[in-house]
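Asks: After the structure tokens below, expect a handful of questions from me.
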Amino acid sequence: MVGGALVLAGCKLPSFGEYSGSTTQGRSEFHLWQLFFIAGLVVGGFVLLLILWAIFKYRRKSEDMPKQTQYHTTVEIIYTVVPILIVIGLFVFTVLAENKVDATPPHPGATITVNAFQWGWEFEYPGGPGSGCANPASASANQNGCVKVIGQTTQDPTMVIPTGTNVQINLKSLDVLHGFYVPEFNFSRYASPGYTTTFDFNALHTGDFRGQCTQLCGLYHSLMFFNVRAVTQAQYASWLHAQQAALSANPSSVPKLPVSSDTASTSSHSNNLGGDLYGD
Ligand SMILES: [Cu+2]
């Protein structure tokens, strides 16, 4: 508990091998990690001290049977109650951190639909409030000023997000199970076919971050990377406007998904191995 209070007070503690988190959500996760690590060090160090103390203090000094101390009620109560209190404490801090990470407040500063597919990522930016992108397979998807960024297996797409505001991500999969993972955000979620997973990012600073798929989803799973570029809100707005202007000037430039991903469930396309891996 004391360690937790110190962590939450923002003391300069080691990172214990974890990213410090480039989003408010990732930062909460990071503090939870520090708390768990410190709790583990305290418990482990205490146990180690007890072991060493017992080894050296109670070395065999004679052939007599030493005093037997099992069924010591006070000790048994202590070593039952204290671990339960520790687990309750860790549970409470976990729930508090989870609630922060999973919160999706209304009126996000940006909304992005992320479609995972074999083997790449598509990022859809709806044109305005209430307007969504049309059917991803449709070539007329930019009717509402919707902007799309699509990566191919050998070319990583970049998801541009504004900093200092909530960015709501609606994560979907167009074929099999994928994993959306940004290490520096301390964040990972399944992209499930037929189900939308919604979460928020609030980027703390600008920068470029690597992302990747963390579910074995087929032949080129290991190439399924993407980038996240966090920019200021003004840069984000001008980027979005530039994309919308380019699309309305040239509607046929709307990026399209690779053919195989639209037909993953029925196609016998030669490189469509992901569906087979899942035994469908
Ligand atoms: Cu994948």
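Chains: A, B, ... in order of the structure tokens. Residues: from 1 per chain. Ligands: from 1, in order shown.
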Around ligand 1, out to 10 Å and counting only C-alpha atoms and all ligand atoms, which residues are there? I want them as a ChimeraX atom specification.
Replies: /A:116-121,173,175-180,190-191,212-225,274
